[in-house]
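Source file: start-v4.cif; contents: mmCIF, C-alpha atoms and all ligand atoms.
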```cif
data_my_file
#
loop_
_atom_site.label_atom_id
_atom_site.label_comp_id
_atom_site.auth_asym_id
_atom_site.auth_seq_id
_atom_site.Cartn_x
_atom_site.Cartn_y
_atom_site.Cartn_z
CA MET D 1 52.70 -35.80 14.19
CA PRO D 2 55.68 -34.17 12.45
CA GLU D 3 54.76 -31.04 10.51
CA GLN D 4 55.99 -32.61 7.26
CA ARG D 5 53.49 -35.49 7.37
CA SER D 6 50.69 -33.17 8.35
CA SER D 7 51.24 -30.96 5.31
CA GLU D 8 51.47 -34.05 3.08
CA ARG D 9 48.16 -35.30 4.40
CA TYR D 10 46.21 -32.35 3.01
CA SER D 11 48.48 -31.53 0.06
CA ARG D 12 45.97 -32.46 -2.68
CA GLN D 13 43.23 -30.43 -1.04
CA VAL D 14 45.55 -27.45 -0.54
CA LEU D 15 46.43 -27.54 -4.25
CA TYR D 16 42.83 -26.68 -5.06
CA PRO D 17 43.02 -22.89 -5.54
CA ALA D 18 39.87 -21.97 -3.61
CA ILE D 19 41.22 -23.81 -0.56
CA GLY D 20 44.98 -23.17 -0.55
CA ALA D 21 47.08 -23.00 2.60
CA ALA D 22 44.90 -20.29 4.12
CA GLY D 23 41.72 -22.28 3.55
CA GLN D 24 43.31 -25.37 5.06
CA GLU D 25 44.25 -23.41 8.17
CA ARG D 26 40.65 -22.28 8.50
CA ILE D 27 39.43 -25.86 8.11
CA ALA D 28 41.86 -26.96 10.81
CA ALA D 29 40.53 -24.27 13.13
CA SER D 30 36.91 -25.25 12.53
CA THR D 31 34.57 -27.52 14.46
CA VAL D 32 31.76 -29.63 13.01
CA VAL D 33 28.86 -31.57 14.50
CA VAL D 34 27.57 -34.55 12.54
CA ALA D 35 24.04 -35.01 13.87
CA GLY D 36 23.00 -38.60 13.23
CA CYS D 37 25.51 -41.18 12.02
CA GLY D 38 23.65 -43.52 9.70
CA ALA D 39 24.06 -43.56 5.94
CA LEU D 40 24.53 -39.82 5.37
CA GLY D 41 26.38 -39.28 8.64
CA THR D 42 29.02 -41.95 8.06
CA VAL D 43 29.94 -40.48 4.67
CA SER D 44 29.88 -36.87 5.88
CA ALA D 45 31.86 -37.63 9.04
CA SER D 46 34.44 -39.46 6.96
CA LEU D 47 34.76 -36.53 4.53
CA MET D 48 35.16 -34.03 7.38
CA ALA D 49 37.74 -36.11 9.27
CA ARG D 50 39.80 -36.70 6.15
CA ALA D 51 39.59 -33.01 5.16
CA GLY D 52 41.10 -32.10 8.54
CA VAL D 53 38.43 -30.22 10.50
CA GLY D 54 39.98 -29.48 13.88
CA ARG D 55 37.23 -31.00 15.97
CA LEU D 56 34.50 -33.39 14.90
CA ARG D 57 31.61 -34.39 17.16
CA ILE D 58 29.52 -37.33 15.98
CA ILE D 59 26.13 -37.74 17.70
CA ASP D 60 23.89 -40.79 17.28
CA ARG D 61 21.35 -42.66 19.40
CA ASP D 62 21.48 -46.04 17.67
CA PHE D 63 23.69 -49.12 17.44
CA VAL D 64 25.03 -50.94 14.36
CA GLU D 65 22.87 -53.63 12.70
CA ILE D 66 23.65 -55.93 9.77
CA SER D 67 21.18 -54.11 7.48
CA ASN D 68 23.26 -50.93 7.90
CA LEU D 69 26.39 -52.29 6.20
CA GLN D 70 25.01 -51.90 2.66
CA ARG D 71 25.38 -48.11 2.90
CA GLN D 72 26.80 -47.00 6.27
CA VAL D 73 30.39 -46.98 5.14
CA LEU D 74 32.23 -46.71 8.46
CA PHE D 75 30.83 -49.92 10.00
CA ASP D 76 31.73 -53.61 9.72
CA GLU D 77 30.61 -57.00 10.99
CA ASP D 78 32.58 -56.66 14.24
CA ASP D 79 30.49 -53.58 15.06
CA VAL D 80 27.32 -55.60 14.36
CA ARG D 81 28.46 -58.46 16.62
CA GLU D 82 29.32 -56.05 19.42
CA MET D 83 26.11 -54.06 18.82
CA LYS D 84 28.41 -51.07 19.02
CA PRO D 85 26.83 -47.61 19.26
CA LYS D 86 27.21 -45.95 15.86
CA ALA D 87 28.71 -42.76 17.31
CA LEU D 88 31.53 -44.72 18.98
CA ALA D 89 32.12 -47.08 16.06
CA ALA D 90 32.43 -44.09 13.71
CA ALA D 91 34.69 -42.14 16.07
CA ASP D 92 36.99 -45.16 16.53
CA LYS D 93 37.32 -45.75 12.78
CA LEU D 94 37.96 -42.12 11.98
CA SER D 95 40.50 -41.74 14.79
CA ARG D 96 42.56 -44.32 12.93
CA VAL D 97 42.08 -42.42 9.66
CA ASN D 98 43.13 -39.09 11.11
CA PRO D 99 44.63 -39.11 14.60
CA SER D 100 45.75 -35.49 14.26
CA ILE D 101 42.26 -34.08 14.90
CA VAL D 102 39.87 -34.31 17.86
CA ILE D 103 37.00 -36.74 17.23
CA GLU D 104 34.27 -37.36 19.80
CA GLY D 105 31.51 -39.93 19.59
CA VAL D 106 28.44 -38.97 21.62
CA VAL D 107 25.78 -41.65 22.17
CA SER D 108 22.71 -39.53 22.65
CA ASP D 109 19.22 -38.78 21.40
CA LEU D 110 19.16 -35.11 20.40
CA ASN D 111 16.33 -33.42 22.27
CA PRO D 112 15.37 -29.94 23.47
CA ASP D 113 17.14 -30.51 26.81
CA ASN D 114 20.57 -31.42 25.45
CA ILE D 115 20.95 -29.97 21.95
CA VAL D 116 22.18 -26.50 22.93
CA ASP D 117 24.97 -27.94 25.08
CA LEU D 118 25.93 -30.44 22.38
CA VAL D 119 26.30 -27.92 19.54
CA ARG D 120 27.24 -24.69 21.31
CA GLY D 121 30.44 -23.15 19.98
CA PHE D 122 30.63 -25.36 16.87
CA SER D 123 31.14 -23.83 13.41
CA LEU D 124 28.68 -25.99 11.47
CA ILE D 125 26.10 -28.78 11.85
CA LEU D 126 25.71 -31.49 9.22
CA ASP D 127 22.34 -33.21 9.09
CA GLY D 128 22.58 -36.99 9.20
CA THR D 129 19.25 -37.52 10.96
CA ASP D 130 16.32 -39.60 9.76
CA ASN D 131 13.33 -37.59 10.96
CA PHE D 132 11.77 -34.13 10.69
CA GLU D 133 11.36 -33.64 14.41
CA THR D 134 15.11 -33.65 15.00
CA ARG D 135 15.69 -31.54 11.89
CA PHE D 136 13.27 -28.87 13.13
CA LEU D 137 15.08 -28.96 16.45
CA ILE D 138 18.42 -28.46 14.68
CA ASN D 139 16.83 -25.66 12.63
CA ASP D 140 15.69 -23.91 15.82
CA VAL D 141 19.08 -24.15 17.48
CA SER D 142 20.78 -23.03 14.26
CA VAL D 143 18.73 -19.84 13.87
CA ARG D 144 18.63 -19.12 17.61
CA HIS D 145 22.39 -19.54 18.12
CA ASP D 146 23.56 -18.51 14.64
CA ILE D 147 25.17 -21.82 13.68
CA PRO D 148 24.78 -22.74 9.98
CA TRP D 149 23.57 -26.23 9.15
CA ILE D 150 23.27 -28.30 6.00
CA TYR D 151 20.04 -30.21 5.59
CA ALA D 152 20.25 -33.57 3.80
CA ALA D 153 17.89 -36.48 3.27
CA CYS D 154 17.70 -39.63 1.16
CA VAL D 155 15.18 -42.37 0.46
CA GLY D 156 15.02 -44.86 -2.39
CA SER D 157 17.08 -43.37 -5.23
CA TYR D 158 16.10 -39.82 -4.28
CA GLY D 159 17.86 -37.25 -2.14
CA LEU D 160 17.96 -33.56 -1.34
CA THR D 161 20.12 -31.00 0.41
CA MET D 162 20.03 -27.32 1.31
CA ASN D 163 22.34 -24.92 3.12
CA ILE D 164 20.81 -22.97 5.97
CA LEU D 165 22.77 -19.82 6.79
CA PRO D 166 20.86 -18.11 9.60
CA GLY D 167 19.74 -14.58 8.82
CA GLU D 168 20.75 -14.95 5.20
CA THR D 169 19.06 -17.91 3.50
CA ALA D 170 15.71 -19.58 3.98
CA CYS D 171 15.52 -21.96 6.92
CA LEU D 172 13.90 -25.39 6.92
CA ARG D 173 10.64 -23.97 8.25
CA CYS D 174 10.59 -21.44 5.42
CA VAL D 175 10.47 -24.51 3.16
CA MET D 176 7.87 -26.37 5.18
CA GLU D 177 5.83 -24.99 8.01
CA SER D 178 5.58 -28.25 9.90
CA ALA D 179 6.54 -31.89 9.66
CA PRO D 180 4.41 -34.03 7.35
CA PRO D 181 1.84 -36.11 9.24
CA PRO D 182 3.19 -39.33 10.74
CA GLY D 183 3.07 -42.28 8.37
CA SER D 184 2.65 -40.07 5.29
CA VAL D 185 6.21 -40.11 3.97
CA PRO D 186 8.37 -43.05 2.91
CA THR D 187 11.38 -43.92 5.07
CA CYS D 188 14.46 -46.03 4.35
CA ASP D 189 12.91 -48.81 6.40
CA THR D 190 9.71 -48.85 4.36
CA ALA D 191 10.80 -47.73 0.87
CA GLY D 192 14.44 -48.80 0.88
CA ILE D 193 17.55 -46.81 0.03
CA LEU D 194 20.37 -47.18 -2.46
CA GLY D 195 23.95 -46.69 -1.24
CA PRO D 196 25.11 -44.54 -4.18
CA VAL D 197 22.48 -41.84 -3.63
CA VAL D 198 23.80 -41.45 -0.09
CA SER D 199 27.31 -40.84 -1.43
CA ILE D 200 26.03 -38.23 -3.88
CA ILE D 201 23.99 -36.30 -1.32
CA SER D 202 26.70 -36.53 1.36
CA GLY D 203 29.19 -35.46 -1.29
CA LEU D 204 27.16 -32.33 -2.04
CA GLN D 205 26.78 -31.69 1.68
CA GLY D 206 30.52 -32.20 2.14
CA ILE D 207 31.55 -29.81 -0.63
CA GLU D 208 29.24 -27.10 0.78
CA ALA D 209 30.76 -27.71 4.22
CA LEU D 210 34.28 -27.30 2.81
CA LYS D 211 33.26 -24.04 1.14
CA TYR D 212 31.95 -22.71 4.42
CA LEU D 213 34.80 -23.92 6.59
CA SER D 214 37.54 -22.73 4.21
CA GLY D 215 36.15 -19.19 4.01
CA ASN D 216 34.27 -19.49 0.71
CA ARG D 217 30.83 -18.71 2.10
CA GLU D 218 29.92 -16.60 -0.95
CA SER D 219 30.30 -19.67 -3.20
CA MET D 220 27.75 -21.69 -1.24
CA SER D 221 24.52 -22.78 -2.90
CA ARG D 222 21.40 -20.78 -2.02
CA GLU D 223 19.07 -23.36 -3.52
CA LEU D 224 17.32 -26.55 -2.52
CA VAL D 225 18.96 -29.25 -4.60
CA SER D 226 17.12 -32.50 -5.21
CA LEU D 227 18.06 -35.41 -7.39
CA ASP D 228 17.06 -38.84 -8.47
CA ALA D 229 20.22 -40.88 -8.82
CA TRP D 230 18.45 -43.63 -10.78
CA THR D 231 17.40 -41.32 -13.62
CA GLN D 232 20.25 -38.84 -13.07
CA THR D 233 17.87 -35.92 -12.85
CA MET D 234 18.81 -32.96 -10.70
CA THR D 235 16.57 -30.05 -9.79
CA ARG D 236 17.57 -26.77 -8.21
CA LEU D 237 14.87 -24.77 -6.55
CA GLU D 238 15.19 -21.22 -5.31
CA VAL D 239 13.79 -21.00 -1.82
CA PRO D 240 12.85 -17.49 -0.74
CA ARG D 241 12.94 -16.74 2.97
CA SER D 242 9.54 -17.32 4.54
CA GLY D 243 8.61 -19.26 1.41
CA GLY D 244 8.06 -15.82 -0.21
CA ARG D 245 4.50 -15.69 1.03
CA ARG D 246 3.98 -16.19 4.66
CA ARG D 247 5.73 -15.32 7.85
CA CYS D 248 8.23 -17.95 9.02
CA GLU D 249 7.72 -18.70 12.68
CA THR D 250 11.44 -19.28 13.13
CA CYS D 251 13.12 -16.62 10.94
CA ASP D 252 10.57 -13.82 11.24
CA GLY D 253 8.88 -14.64 14.52
CA LEU D 254 11.99 -15.80 16.34
CA GLU D 255 9.82 -18.44 17.93
CA PHE D 256 11.72 -21.62 18.63
CA SER D 257 8.91 -23.98 19.42
CA TYR D 258 10.91 -27.20 18.92
CA LEU D 259 13.67 -25.93 21.16
CA SER D 260 11.10 -25.12 23.81
CA GLY D 261 9.70 -28.61 23.73
CA LYS D 262 7.24 -28.90 20.85
CA GLY D 263 7.43 -32.24 19.09
CA SER D 264 6.62 -35.79 19.96
CA ARG D 265 6.44 -37.10 23.49
CA SER D 266 7.23 -40.55 24.70
CA VAL D 267 6.42 -42.14 28.05
CA THR D 268 7.27 -45.49 29.49
CA ILE D 269 4.06 -47.30 30.35
CA CYS D 270 3.99 -48.32 33.99
CA GLY D 271 3.88 -52.04 34.69
CA ARG D 272 4.40 -52.94 31.06
CA ASN D 273 7.54 -53.40 29.07
CA ALA D 274 6.33 -50.72 26.65
CA VAL D 275 6.70 -47.08 25.59
CA GLN D 276 4.01 -44.85 24.13
CA VAL D 277 5.12 -42.37 21.45
CA THR D 278 2.74 -39.48 20.80
CA PRO D 279 3.58 -37.43 17.72
CA GLU D 280 3.35 -33.67 17.70
CA GLY D 281 -0.14 -32.28 17.04
CA ARG D 282 -2.12 -35.51 16.80
CA ALA D 283 -2.97 -35.84 13.14
CA ALA D 284 -5.37 -38.42 11.82
CA ILE D 285 -3.41 -40.94 9.80
CA SER D 286 -4.64 -43.47 7.29
CA LEU D 287 -4.12 -46.96 8.72
CA ARG D 288 -4.66 -48.41 5.24
CA ASP D 289 -1.85 -46.29 3.71
CA LEU D 290 0.50 -47.02 6.58
CA ALA D 291 -0.16 -50.76 6.35
CA SER D 292 0.46 -50.81 2.61
CA ARG D 293 3.69 -48.84 2.96
CA LEU D 294 4.94 -51.20 5.66
CA SER D 295 3.89 -54.38 3.91
CA GLY D 296 7.02 -54.49 1.74
CA SER D 297 9.38 -54.64 4.70
CA VAL D 298 7.58 -56.18 7.71
CA ALA D 299 4.65 -58.47 8.43
CA VAL D 300 1.70 -56.16 9.08
CA GLN D 301 -1.66 -56.75 10.68
CA GLU D 302 -4.34 -54.17 10.07
CA THR D 303 -7.55 -53.98 12.09
CA LYS D 304 -10.27 -51.36 12.29
CA PHE D 305 -8.50 -49.86 15.29
CA LEU D 306 -4.79 -50.15 14.67
CA VAL D 307 -1.88 -51.32 12.54
CA ARG D 308 0.43 -53.78 14.23
CA PHE D 309 3.84 -55.02 13.14
CA GLN D 310 6.91 -56.67 14.60
CA VAL D 311 10.55 -55.60 14.27
CA GLU D 312 12.80 -58.24 15.80
CA ASP D 313 11.56 -58.64 19.37
CA LEU D 314 9.66 -55.35 19.46
CA GLN D 315 5.99 -55.07 18.66
CA VAL D 316 4.60 -51.79 17.36
CA ALA D 317 0.92 -50.84 17.41
CA VAL D 318 -0.02 -47.59 15.62
CA PHE D 319 -3.39 -45.93 16.23
CA PRO D 320 -5.36 -43.64 13.89
CA ASP D 321 -4.24 -40.55 15.84
CA GLY D 322 -0.62 -41.35 15.03
CA ARG D 323 0.14 -42.56 18.54
CA ALA D 324 2.10 -45.79 18.87
CA ILE D 325 2.75 -48.27 21.62
CA ILE D 326 6.06 -50.07 21.30
CA THR D 327 6.15 -53.23 23.38
CA GLY D 328 9.38 -55.00 24.26
CA THR D 329 11.33 -52.00 25.51
CA LYS D 330 11.23 -49.47 28.33
CA ASP D 331 13.67 -47.19 26.56
CA PRO D 332 12.04 -44.07 25.04
CA VAL D 333 15.08 -43.56 22.78
CA VAL D 334 14.67 -47.01 21.23
CA ALA D 335 10.93 -46.41 20.83
CA ARG D 336 11.32 -42.99 19.19
CA GLY D 337 14.02 -44.37 16.88
CA LEU D 338 11.76 -47.20 15.76
CA TYR D 339 8.87 -44.79 15.25
CA ALA D 340 11.00 -42.52 13.07
CA ARG D 341 12.23 -45.44 11.00
CA TYR D 342 8.97 -47.22 10.31
CA VAL D 343 6.16 -44.70 10.77
CA GLY D 344 8.18 -41.63 9.83
CA ALA D 345 8.22 -37.89 10.53
ZN ZN D 401 12.56 -19.56 8.18
#
```

As C-alpha cells, what does this structure read like?
Amino acid sequence: MPEQRSSERYSRQVLYPAIGAAGQERIAASTVVVAGCGALGTVSASLMARAGVGRLRIIDRDFVEISNLQRQVLFDEDDVREMKPKALAAADKLSRVNPSIVIEGVVSDLNPDNIVDLVRGFSLILDGTDNFETRFLINDVSVRHDIPWIYAACVGSYGLTMNILPGETACLRCVMESAPPPGSVPTCDTAGILGPVVSIISGLQGIEALKYLSGNRESMSRELVSLDAWTQTMTRLEVPRSGGRRRCETCDGLEFSYLSGKGSRSVTICGRNAVQVTPEGRAAISLRDLASRLSGSVAVQETKFLVRFQVEDLQVAVFPDGRAIITGTKDPVVARGLYARYVGA
C-alpha cells in the first residue's frame, strides 16, 4: 500500500496526543493474540486490526452459529451456513478491513500443550474466552513468560475487565484462588447476554490495549473494573497483589499448575459416540441449582442421579461430582466447549 494511504488510515488516531506518530509506530510494531473469538473477541480483534497492530493472531475452537449473530459482530449468515470456524471467519473479514497488517486465524483449543507455542513472542494477550480454566491457563503463561494480558468477561448486562501486568499488578489468581465450582456461575448460554455490554467491555479492553501498545503503560488501569450496563453502574476495585492477604500460587510461588496440566480432563469413551469431561478437583455440585439455571434455555431432566439436557443433536448428562458425559460426539474439543457454555467454569 502506498505510504500516503497508510498514513491516512490512522490519521485520526495519530491526532490523539497520547498516541501521535511515535505511538502509532509502536502499535505497528506490536503483536497481539486474541484468545477466543466470540462476543468479546470479535469486537477486540476488530479494534486491534483497525488500530493497526502489526500482527494479530485470533485463536478460537468453535464455529459460527445463528445465535452468535446478535453480538458477535464479525460474523454473518454465510458463515453460519458454511459452519465456518470463528477464527477463520474473523481473520477473513478483518483482512478485508486492513490488508496492511498480518492477521492469522488459528482454529485450536488452547491447552497446556499448545499455549506456549501459540503466544510466545507476542506483545499482549486479549481475553475473549468463556471459561475460567482457559483464563487460568492464560494467566500462567502470562506470568511465566512475562506477557501482559487483559482479562474480560460478560454475562447478562454485566461485565468486568482487569489488566494483568506480570510482576507489577495483581494476577487473576490474586483475585481468585481457583475457578468457581462447575455449574455455580451463570454463562451466556444459561443467563443470556446483551450485545451492548460486550461493546463496552471490549471497548475498555481495547483502550487499555492501545495504551500498552503505544507506550503509555503508566496510564493503564490498576483496578478491577466491573459494570452493569443496564443500570449504568460502574465499580472500580483496587486489587492488591496476592489479594493482600495470602500468598498467590502464581505470583509469589511461581507455580504454574494450569500450564503443567491442572484443569479439566476429557476422554473419548471407547465404543460409544461420547466424551467424558471431568472438571478440575471434583467438587460436589447441586443438581437442583444446575437444573434451574438451565431450565430457561434448554429442556432439562433432573433425576436423583444426574441432570440431563439436549443441545441440538448432543445429549449432556451431568453428575453430582461435576463430571459430564456428552453423547453425540467423539471430539473432546466440542465436549469441553459445550461444558464451558452450559455448565460453566
Ligand atoms: Zn497472583

- [ ] Enumerate as a PyMOL selection string the residues within 8 Å of ligand ZN 401 (chain D), counting all atoms listed in the file.
- [x] chain D and resi 170-175+241-243+248-252

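Environment of (42.6, -29.6, 0.7): residues at most 10 Å away, judged by all atoms listed in the file, are Ser7, Arg9, Tyr10, Ser11, Arg12, Gln13, Val14, Leu15, Tyr16, Pro17, Ala18, Ile19, Gly20, Ala21, Gly23, Gln24, Glu25, Ile27, Arg50, Ala51, Gly52, Leu210 and Ser214 of chain D.
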
Open item on the list: With only C-alpha atoms as the counted atoms, please give the residues lying no more than 7 Å from Tyr342 in chain D, apart from itself and same-chain residues fewer than 5 positions off, as a PyMOL selection string.
Closed with: chain D and resi 187+189-190

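If you look at CA of Val102 in chain D and CA of Val53 in chain D, they are 8.5 Å away from each other.
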
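Considering only C-alpha atoms, the residue among D:Ser157, D:Leu165, D:Arg272, D:Ser295 positioned nearest to Trp230 in chain D is D:Ser157.
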
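CA of Ser100 in chain D is positioned 12.7 Å from CA of Met48 in chain D.
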
For range 176-183 of chain D: contacts at 10 Å, all atoms listed in the file, fewer than 2 positions along chain excluded, given as a PDB file with C-alpha atoms, in the frame of the given file:
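The resulting result32.pdb:
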```
ATOM      1  CA  ASN D 131      13.330 -37.590  10.960  1.00  0.00           C
ATOM      2  CA  PHE D 132      11.770 -34.130  10.690  1.00  0.00           C
ATOM      3  CA  GLU D 133      11.360 -33.640  14.410  1.00  0.00           C
ATOM      4  CA  ARG D 135      15.690 -31.540  11.890  1.00  0.00           C
ATOM      5  CA  PHE D 136      13.270 -28.870  13.130  1.00  0.00           C
ATOM      6  CA  CYS D 171      15.520 -21.960   6.920  1.00  0.00           C
ATOM      7  CA  LEU D 172      13.900 -25.390   6.920  1.00  0.00           C
ATOM      8  CA  ARG D 173      10.640 -23.970   8.250  1.00  0.00           C
ATOM      9  CA  CYS D 174      10.590 -21.440   5.420  1.00  0.00           C
ATOM     10  CA  VAL D 185       6.210 -40.110   3.970  1.00  0.00           C
ATOM     11  CA  PRO D 186       8.370 -43.050   2.910  1.00  0.00           C
ATOM     12  CA  THR D 187      11.380 -43.920   5.070  1.00  0.00           C
ATOM     13  CA  SER D 242       9.540 -17.320   4.540  1.00  0.00           C
ATOM     14  CA  GLY D 243       8.610 -19.260   1.410  1.00  0.00           C
ATOM     15  CA  ARG D 246       3.980 -16.190   4.660  1.00  0.00           C
ATOM     16  CA  ARG D 247       5.730 -15.320   7.850  1.00  0.00           C
ATOM     17  CA  CYS D 248       8.230 -17.950   9.020  1.00  0.00           C
ATOM     18  CA  GLU D 249       7.720 -18.700  12.680  1.00  0.00           C
ATOM     19  CA  THR D 250      11.440 -19.280  13.130  1.00  0.00           C
ATOM     20  CA  GLY D 263       7.430 -32.240  19.090  1.00  0.00           C
ATOM     21  CA  PRO D 279       3.580 -37.430  17.720  1.00  0.00           C
ATOM     22  CA  GLU D 280       3.350 -33.670  17.700  1.00  0.00           C
ATOM     23  CA  GLY D 281      -0.140 -32.280  17.040  1.00  0.00           C
ATOM     24  CA  ARG D 282      -2.120 -35.510  16.800  1.00  0.00           C
ATOM     25  CA  ALA D 283      -2.970 -35.840  13.140  1.00  0.00           C
ATOM     26  CA  ALA D 284      -5.370 -38.420  11.820  1.00  0.00           C
ATOM     27  CA  ILE D 285      -3.410 -40.940   9.800  1.00  0.00           C
ATOM     28  CA  SER D 286      -4.640 -43.470   7.290  1.00  0.00           C
ATOM     29  CA  LEU D 287      -4.120 -46.960   8.720  1.00  0.00           C
ATOM     30  CA  ASP D 289      -1.850 -46.290   3.710  1.00  0.00           C
ATOM     31  CA  LEU D 290       0.500 -47.020   6.580  1.00  0.00           C
ATOM     32  CA  ALA D 291      -0.160 -50.760   6.350  1.00  0.00           C
ATOM     33  CA  ARG D 293       3.690 -48.840   2.960  1.00  0.00           C
ATOM     34  CA  LEU D 294       4.940 -51.200   5.660  1.00  0.00           C
ATOM     35  CA  VAL D 318      -0.020 -47.590  15.620  1.00  0.00           C
ATOM     36  CA  ASP D 321      -4.240 -40.550  15.840  1.00  0.00           C
ATOM     37  CA  GLY D 322      -0.620 -41.350  15.030  1.00  0.00           C
ATOM     38  CA  ARG D 323       0.140 -42.560  18.540  1.00  0.00           C
ATOM     39  CA  TYR D 339       8.870 -44.790  15.250  1.00  0.00           C
ATOM     40  CA  ALA D 340      11.000 -42.520  13.070  1.00  0.00           C
ATOM     41  CA  TYR D 342       8.970 -47.220  10.310  1.00  0.00           C
ATOM     42  CA  VAL D 343       6.160 -44.700  10.770  1.00  0.00           C
ATOM     43  CA  GLY D 344       8.180 -41.630   9.830  1.00  0.00           C
ATOM     44  CA  ALA D 345       8.220 -37.890  10.530  1.00  0.00           C
TER      45      ALA D 345
END
```

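For the pair CA of Val298 in chain D and CA of Ser67 in chain D, the interatomic distance is 13.8 Å.
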
Open item on the list: Between D:Asn68, D:Gln301, D:Thr235, D:Ser260, which residue has the minimum interatomic distance to Val80 in chain D, considering all atoms listed in the file?
Closed with: D:Asn68

Please define a box with edges along x, y and z of the file around all atoms of range 112-116 of chain D given in the file, extend it by 4 Å on each side, and return its centre and edge lengths in Å to one decimal, as AutoDock Vina command-line options.
```
--center_x 18.8 --center_y -29.0 --center_z 24.4 --size_x 14.8 --size_y 12.9 --size_z 12.9
```

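Residues within 10 Å of Arg265 in chain D, counting all atoms listed in the file and excluding same-chain residues fewer than 3 positions away, are Gly261, Lys262, Gln276, Val277, Thr278, Pro279, Glu280, Arg323, Pro332 and Arg336 of chain D.
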
Would you output that residue set with C-alpha atoms, as an mmCIF file, keeping the file's coordinate frame?
```
data_model
loop_
_atom_site.group_PDB
_atom_site.id
_atom_site.type_symbol
_atom_site.label_atom_id
_atom_site.label_comp_id
_atom_site.auth_asym_id
_atom_site.auth_seq_id
_atom_site.Cartn_x
_atom_site.Cartn_y
_atom_site.Cartn_z
ATOM 1 C CA GLY D 261 9.700 -28.610 23.730
ATOM 2 C CA LYS D 262 7.240 -28.900 20.850
ATOM 3 C CA GLN D 276 4.010 -44.850 24.130
ATOM 4 C CA VAL D 277 5.120 -42.370 21.450
ATOM 5 C CA THR D 278 2.740 -39.480 20.800
ATOM 6 C CA PRO D 279 3.580 -37.430 17.720
ATOM 7 C CA GLU D 280 3.350 -33.670 17.700
ATOM 8 C CA ARG D 323 0.140 -42.560 18.540
ATOM 9 C CA PRO D 332 12.040 -44.070 25.040
ATOM 10 C CA ARG D 336 11.320 -42.990 19.190
#
```

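Residues lying at most 9 Å from (37.3, -41.1, 14.7) in file coordinates, with only C-alpha atoms considered, are Ala45, Ser46, Ala49, Leu56, Ile58, Leu88, Ala89, Ala90, Ala91, Asp92, Lys93, Leu94, Ser95, Arg96, Val97, Asn98, Pro99, Ile101, Val102, Ile103, Glu104 and Gly105 of chain D.
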
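If you count all atoms listed in the file and ignore residues fewer than 2 places along the chain from Gly215 in chain D, what sits within 8 Å of it is Gly23, Arg26, Lys211, Tyr212, Leu213 and Arg217 of chain D.
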